[in-house]
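As structure tokens, the structure follows; a few thoughts come after it.
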Amino acid sequence: MKKGIVIIFLILLPVLCSANSGRYWVFFTDKLPSAGKVVTFPQRNIDRRARLGIGFDQYDIPVAKEYIDSLVSLGCRVHSVSRYLNAVSCYIPAGVKELILRFPFVRAIKPVGHLVRGREPVNPVPKSAFEDTLYGASYAHLARIFVPEAHRSGLTGRGVLVGILDTGFDTQHSAFRALNILATYDFIHNDTIVDNEEGESPEQHSHGTATLSALAGYLPGRLVGVAYEATLALAKTELVDQEIEIEEDNWVSGIEWAESLGCRVVSSSLGYYTWDDGTGYTYFDMDGNRTIVSIAADIAASRGIVVVNSAGNENVPPNYRELPDVWGEYIHNPENPSDSAWGCIIAPGDGDSVVTVGALDENDEIASFSSTGPTADYRIKPDVSAPGVNVACAMAGTIDEVGAASGTSLAAPLVAGVVALMLQENPSLSPADIMESLHSTSDRFSSPNFSYGWGKVIAPVAAGIMGGVYVRVFEQGTGYPIQDAAVQITSSDTTIFLSVNADGMAAMPLPDGEYTARVNIPGYRVEERGFGISPGVREQLSFGMVRIADQILVYPNPFSDSLIVLSELDTTETAPPLLVLVYSSSGQLILDREITDSYFFIWDGKNGSGNPVADGVYIVYAKRGKTEKLTKVAKITKE
């Protein structure tokens, strides 16, 4: 019966092929016994599965050749075959889709998605920026995630096989001279050349060169990657030429290839959401279970691979809608077709098992471009964050030049490198173990959100080779974080100052020992805690700072959304009221408040009639009992 169908389709073939073809995924219903047993895997793959207790199953059985041959007989040109998805991607002649769907072994046909990857130009770093150290320009970002401490403990990624999916790599750069490359494959040209080939854009290898160098480059005194002694499998999966569509099937082929080799980690700085026919995924497809690459990524994780992917550089001003949840964050509204901005996580960053990475700026605040969550099913994404602004990387097309680039594309390989360090220390960790450790040891683990995830990674604590101290400094009573506080950490032989972020939080690894943490902020009672550190221990310290009597604070200055007037902590029934008067710069009274049930007042920038006041300078007079304060403040609109 099947043979007869093929003959009829062959008769139709000359007519059907005259039309333009499109590229689609064709999904099959089953895998035939004739496909044989599981594919033959190298020993690395077998060892990885044995270590993690993962068996071989239907995902390891090849796709039925008979099914593929039936598509070819209709004039379809097969591009890639996925055992994970039990599908092929192929060019389908116009009008043939309906005929293919009549095959009893065809489950569905879907268009192939296209890559979304903002260009991250690599700019030269002035020679003066290099430090006279091993790390050179890399030190600025590596020190912020405490990679040098991990290196000093002997963790360099040695013995861990890491796969990288990207646009190609300039392997002739001096930063890659010492690389341990196990395998390479070009899924664009179906060869093993991952450097630029004749006829390709000069920019083809730039993006991959940058990400590879951040992960594993080694040019002493100039640039050092996080896992510079890792073993590597390099996959060239994406074209950068603007005229050529860049498609997700190469990504699926790349991750199956990496998994088959026995990789423990795959780093990808790519994402997808558009289709060939002009339509595409919506935000509501970003639930971890709908997009092709997210499904493939989760299957790879079930095989024992830690998939690390960038969150995307899509956090531009789109239309937003408010979510009815406890986080009070905002997500992109995809219902406005005239709005070309995406604004949120892109696939496969929405995958349940994918370690999705956001980018931090040089102050460890979330970068303005870094895509935010939540996923469509309201899970927190990204998972963690890492430096992603002005990250030192190798410049493709040069012998030994080092530049700087920005993007979540640079943050992801830093985290993938940290994962390699974790696996070097403990090879028995599963992808779920890695995810849990990254979540529980990053600097915002106690209050994750849709921008930072669980926060900035702390490499040696995540790897379990050092303990860490996690500090939160806040205003007692209001609960508001106290920004820019310095926490003094002392032991018998050292003193370290730790600066908290805008949320009043900070974290750092510490050697074994006994310590004292002291917070001394003008206008507040000094707080002090003693604590001990040992490997793998996460010491949490909360400092609820209490105002000193006869003090009034007015902050922040300048302000945009709210101004806090804070007096001493005295909430007894006999405590005098807090009087707050706000005047314009010309002396006109615009707000008069007397607070009797609290020791603080928050001005929302509105006058006594409830109307917002204009940007400008205002005079705030505050009095409680015998204590009074007169302050000039500036109101500015947040950009």
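Labeling convention for the structure tokens: chains A, B, ... as they appear, residues from 1 per chain, ligands from 1 in order of appearance.
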Interface rows for range 245-299 of chain A against range 175-189 of chain A: nearest pair, Å to one decimal, 10 Å, only C-alpha atoms, as a tab-separated table:
```
residue	atom	partner	partner_atom	distance
A:Ile246	CA	A:Ile188	CA	9.8
A:Asp249	CA	A:Phe187	CA	9.5
A:Asn250	CA	A:Phe187	CA	6.1
A:Trp251	CA	A:Phe187	CA	8.7
A:Ser253	CA	A:Phe187	CA	7.6
A:Gly254	CA	A:Phe187	CA	7.2
A:Trp257	CA	A:Tyr185	CA	8.8
A:Ala258	CA	A:Ala183	CA	9.2
A:Leu261	CA	A:Ala183	CA	8.5
```
Residue subset to file, keeping N, CA and C atoms, as a tab-separated table (two decimals), in the first residue's frame:
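Output file again29.tsv is given in full below:
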```tsv
chain	number	residue	atom	x	y	z
A	246	ILE	N	18.32	31.77	9.11
A	246	ILE	CA	19.09	31.02	10.10
A	246	ILE	C	18.12	30.18	10.89
A	249	ASP	N	16.86	23.96	13.08
A	249	ASP	CA	17.16	22.54	12.92
A	249	ASP	C	18.65	22.27	13.07
A	250	ASN	N	19.49	23.23	12.70
A	250	ASN	CA	20.93	23.05	12.94
A	250	ASN	C	21.23	22.97	14.43
A	251	TRP	N	20.48	23.74	15.23
A	251	TRP	CA	20.69	23.72	16.69
A	251	TRP	C	20.34	22.35	17.24
A	253	SER	N	20.33	19.50	15.57
A	253	SER	CA	21.37	18.57	15.13
A	253	SER	C	22.63	18.74	15.97
A	254	GLY	N	22.95	19.98	16.29
A	254	GLY	CA	24.17	20.26	17.06
A	254	GLY	C	24.11	19.69	18.46
A	257	TRP	N	24.37	15.91	18.39
A	257	TRP	CA	25.77	15.56	18.12
A	257	TRP	C	26.61	15.69	19.39
A	258	ALA	N	26.45	16.80	20.10
A	258	ALA	CA	27.21	17.01	21.34
A	258	ALA	C	26.88	15.95	22.38
A	261	LEU	N	28.50	12.57	21.59
A	261	LEU	CA	29.93	12.53	21.87
A	261	LEU	C	30.23	12.28	23.34
```
Could you give me, as CSV, every range 352-400 of chain A residue with an atom at most 6 Å from range 280-293 of chain A, plus its closest atom pair and distance in Å to one decimal, counting only C-alpha atoms, rows ordered by chain then number?
```
residue,atom,partner,partner_atom,distance
A:Asp352,CA,A:Gly288,CA,5.7
A:Thr375,CA,A:Asp287,CA,5.5
A:Ala376,CA,A:Asp287,CA,4.8
A:Asp377,CA,A:Asp287,CA,5.3
```
Select, from A:Gly523, A:Gly157, A:Gly504, A:Gly397, the residue with the minimum atom-to-atom distance to Ser446 in chain A, counting only C-alpha atoms.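 Among the listed residues, A:Gly504 lies closest to Ser446 in chain A.
Minimum distance to Glu259 in chain A across A:Asn520, A:Gln43, A:Ser491, A:Ser440 (counting only C-alpha atoms) occurs at A:Gln43.
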In range 169-394 of chain A, DSSP alpha helix (DSSP H) residues written as a PyMOL selection string: chain A and resi 206-216+249-261+292-302
According to DSSP computed on the backbone, where in range 286-512 of chain A is there strand (DSSP E)? Give the residues as an MDAnalysis selection string. chainID A and resid 306:310 320:322 330:332 355:360 384:387 391:394 402:405 467:475 486:490 495:499 505:510
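Residues in contact range of Asn196 in chain A, defined as at most 8 Å between only C-alpha atoms, with sequence neighbours fewer than 4 positions away removed, read Gly168, Phe169, Asp170, Glu200, Ser201, Pro202, Gln204 and His205 of chain A.
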Considering only C-alpha atoms, return as a ChimeraX atom specification whatever protein or nucleic-acid residues lie within 7 Å of Ile305 in chain A, sequence-local ones (same chain, fewer than 6 positions apart) excluded. /A:259,263-266,431
Write out as a PyMOL selection string each polymer residue whose atoms come within 10 Å of range 464-466 of chain A, counting only C-alpha atoms; drop sequence neighbours fewer than 2 positions from it. chain A and resi 149-150+153-155+422+425-426+437+441+458-462+468+508-512+533-538
Go ahead and write the selection's residues with N, CA, C and O atoms as an mmCIF file, in the first residue's frame.
```
data_model
loop_
_atom_site.group_PDB
_atom_site.id
_atom_site.type_symbol
_atom_site.label_atom_id
_atom_site.label_comp_id
_atom_site.auth_asym_id
_atom_site.auth_seq_id
_atom_site.Cartn_x
_atom_site.Cartn_y
_atom_site.Cartn_z
ATOM 1 N N GLU A 149 39.423 32.446 42.541
ATOM 2 C CA GLU A 149 39.480 31.613 43.744
ATOM 3 C C GLU A 149 39.308 30.137 43.385
ATOM 4 O O GLU A 149 39.962 29.264 43.969
ATOM 5 N N ALA A 150 38.439 29.849 42.428
ATOM 6 C CA ALA A 150 38.256 28.466 41.988
ATOM 7 C C ALA A 150 39.499 27.952 41.272
ATOM 8 O O ALA A 150 39.917 26.803 41.465
ATOM 9 N N SER A 153 42.170 26.886 43.529
ATOM 10 C CA SER A 153 41.894 25.607 44.174
ATOM 11 C C SER A 153 42.075 24.433 43.220
ATOM 12 O O SER A 153 41.796 23.288 43.589
ATOM 13 N N GLY A 154 42.507 24.710 42.000
ATOM 14 C CA GLY A 154 42.789 23.644 41.044
ATOM 15 C C GLY A 154 41.679 23.342 40.065
ATOM 16 O O GLY A 154 41.798 22.405 39.270
ATOM 17 N N LEU A 155 40.586 24.111 40.087
ATOM 18 C CA LEU A 155 39.490 23.872 39.157
ATOM 19 C C LEU A 155 39.686 24.701 37.891
ATOM 20 O O LEU A 155 39.663 25.939 37.932
ATOM 21 N N MET A 422 32.274 22.932 38.265
ATOM 22 C CA MET A 422 31.469 22.150 39.201
ATOM 23 C C MET A 422 31.570 20.655 38.889
ATOM 24 O O MET A 422 31.691 19.813 39.792
ATOM 25 N N GLU A 425 34.931 19.108 39.856
ATOM 26 C CA GLU A 425 34.992 18.828 41.288
ATOM 27 C C GLU A 425 34.126 17.627 41.660
ATOM 28 O O GLU A 425 34.513 16.817 42.510
ATOM 29 N N ASN A 426 32.978 17.509 41.029
ATOM 30 C CA ASN A 426 32.058 16.420 41.368
ATOM 31 C C ASN A 426 31.405 15.894 40.094
ATOM 32 O O ASN A 426 30.315 16.335 39.711
ATOM 33 N N SER A 437 22.130 23.632 42.658
ATOM 34 C CA SER A 437 23.292 24.270 43.274
ATOM 35 C C SER A 437 23.458 25.709 42.802
ATOM 36 O O SER A 437 23.758 26.607 43.602
ATOM 37 N N THR A 441 23.131 28.891 45.505
ATOM 38 C CA THR A 441 24.390 29.551 45.882
ATOM 39 C C THR A 441 24.584 30.899 45.206
ATOM 40 O O THR A 441 25.581 31.579 45.482
ATOM 41 N N ILE A 458 28.244 32.436 42.079
ATOM 42 C CA ILE A 458 29.419 32.510 42.939
ATOM 43 C C ILE A 458 30.170 31.197 42.733
ATOM 44 O O ILE A 458 29.855 30.168 43.351
ATOM 45 N N ALA A 459 31.141 31.194 41.831
ATOM 46 C CA ALA A 459 31.726 29.961 41.292
ATOM 47 C C ALA A 459 32.216 28.971 42.354
ATOM 48 O O ALA A 459 31.814 27.806 42.336
ATOM 49 N N PRO A 460 33.103 29.346 43.291
ATOM 50 C CA PRO A 460 33.638 28.336 44.209
ATOM 51 C C PRO A 460 32.620 27.787 45.197
ATOM 52 O O PRO A 460 32.763 26.657 45.669
ATOM 53 N N VAL A 461 31.597 28.563 45.516
ATOM 54 C CA VAL A 461 30.545 28.055 46.409
ATOM 55 C C VAL A 461 29.655 27.081 45.637
ATOM 56 O O VAL A 461 29.279 26.026 46.147
ATOM 57 N N ALA A 462 29.322 27.432 44.392
ATOM 58 C CA ALA A 462 28.531 26.525 43.566
ATOM 59 C C ALA A 462 29.251 25.198 43.368
ATOM 60 O O ALA A 462 28.631 24.135 43.340
ATOM 61 N N GLY A 468 30.401 30.158 51.751
ATOM 62 C CA GLY A 468 30.145 31.527 51.359
ATOM 63 C C GLY A 468 29.288 32.247 52.375
ATOM 64 O O GLY A 468 28.521 31.628 53.117
ATOM 65 N N MET A 508 29.829 36.366 48.858
ATOM 66 C CA MET A 508 31.207 36.096 48.469
ATOM 67 C C MET A 508 31.675 34.800 49.112
ATOM 68 O O MET A 508 31.184 34.412 50.179
ATOM 69 N N PRO A 509 32.598 34.084 48.459
ATOM 70 C CA PRO A 509 33.172 32.889 49.072
ATOM 71 C C PRO A 509 34.232 33.280 50.087
ATOM 72 O O PRO A 509 34.844 34.348 49.995
ATOM 73 N N LEU A 510 34.443 32.419 51.075
ATOM 74 C CA LEU A 510 35.458 32.670 52.095
ATOM 75 C C LEU A 510 36.191 31.369 52.420
ATOM 76 O O LEU A 510 35.589 30.292 52.401
ATOM 77 N N PRO A 511 37.469 31.436 52.771
ATOM 78 C CA PRO A 511 38.192 30.248 53.241
ATOM 79 C C PRO A 511 37.625 29.788 54.580
ATOM 80 O O PRO A 511 36.928 30.536 55.276
ATOM 81 N N ASP A 512 37.923 28.547 54.929
ATOM 82 C CA ASP A 512 37.471 28.026 56.222
ATOM 83 C C ASP A 512 37.957 28.928 57.355
ATOM 84 O O ASP A 512 39.068 29.448 57.314
ATOM 85 N N ILE A 533 32.804 29.441 58.696
ATOM 86 C CA ILE A 533 32.716 29.008 57.300
ATOM 87 C C ILE A 533 33.436 27.679 57.143
ATOM 88 O O ILE A 533 34.533 27.474 57.677
ATOM 89 N N SER A 534 32.834 26.784 56.388
ATOM 90 C CA SER A 534 33.468 25.528 55.981
ATOM 91 C C SER A 534 32.990 25.206 54.572
ATOM 92 O O SER A 534 31.973 25.763 54.123
ATOM 93 N N PRO A 535 33.680 24.326 53.833
ATOM 94 C CA PRO A 535 33.310 24.057 52.435
ATOM 95 C C PRO A 535 31.853 23.630 52.289
ATOM 96 O O PRO A 535 31.350 22.796 53.044
ATOM 97 N N GLY A 536 31.184 24.237 51.321
ATOM 98 C CA GLY A 536 29.802 23.885 51.044
ATOM 99 C C GLY A 536 28.786 24.543 51.947
ATOM 100 O O GLY A 536 27.579 24.387 51.734
ATOM 101 N N VAL A 537 29.238 25.288 52.970
ATOM 102 C CA VAL A 537 28.309 25.928 53.903
ATOM 103 C C VAL A 537 27.941 27.318 53.396
ATOM 104 O O VAL A 537 28.808 28.106 53.006
ATOM 105 N N ARG A 538 26.660 27.612 53.405
ATOM 106 C CA ARG A 538 26.176 28.926 52.982
ATOM 107 C C ARG A 538 25.659 29.638 54.228
ATOM 108 O O ARG A 538 24.604 29.320 54.752
#
```
For Gly22 in chain A: contacts at 7 Å, only C-alpha atoms, fewer than 3 positions along chain excluded, given as a list in words: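 So, after excluding close chain neighbours, the residues are Tyr91, Ile92 and Pro93 of chain A.
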Need the shell around Phe559 in chain A: protein/DNA/RNA residues with any atom at most 7 Å away, counting only C-alpha atoms. Skip same-chain ones fewer than 6 positions apart. Format as a PDB file with C-alpha atoms, in the first residue's frame?
```pdb
ATOM      1  CA  ALA A 634      15.506  66.686  43.312  1.00  0.00           C
ATOM      2  CA  LYS A 635      12.729  64.818  41.547  1.00  0.00           C
ATOM      3  CA  ILE A 636      13.684  63.299  38.193  1.00  0.00           C
TER       4      ILE A 636
END
```
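From CA of Glu229 in chain A back to CA of Thr156 in chain A, the distance works out to 5.4 Å.
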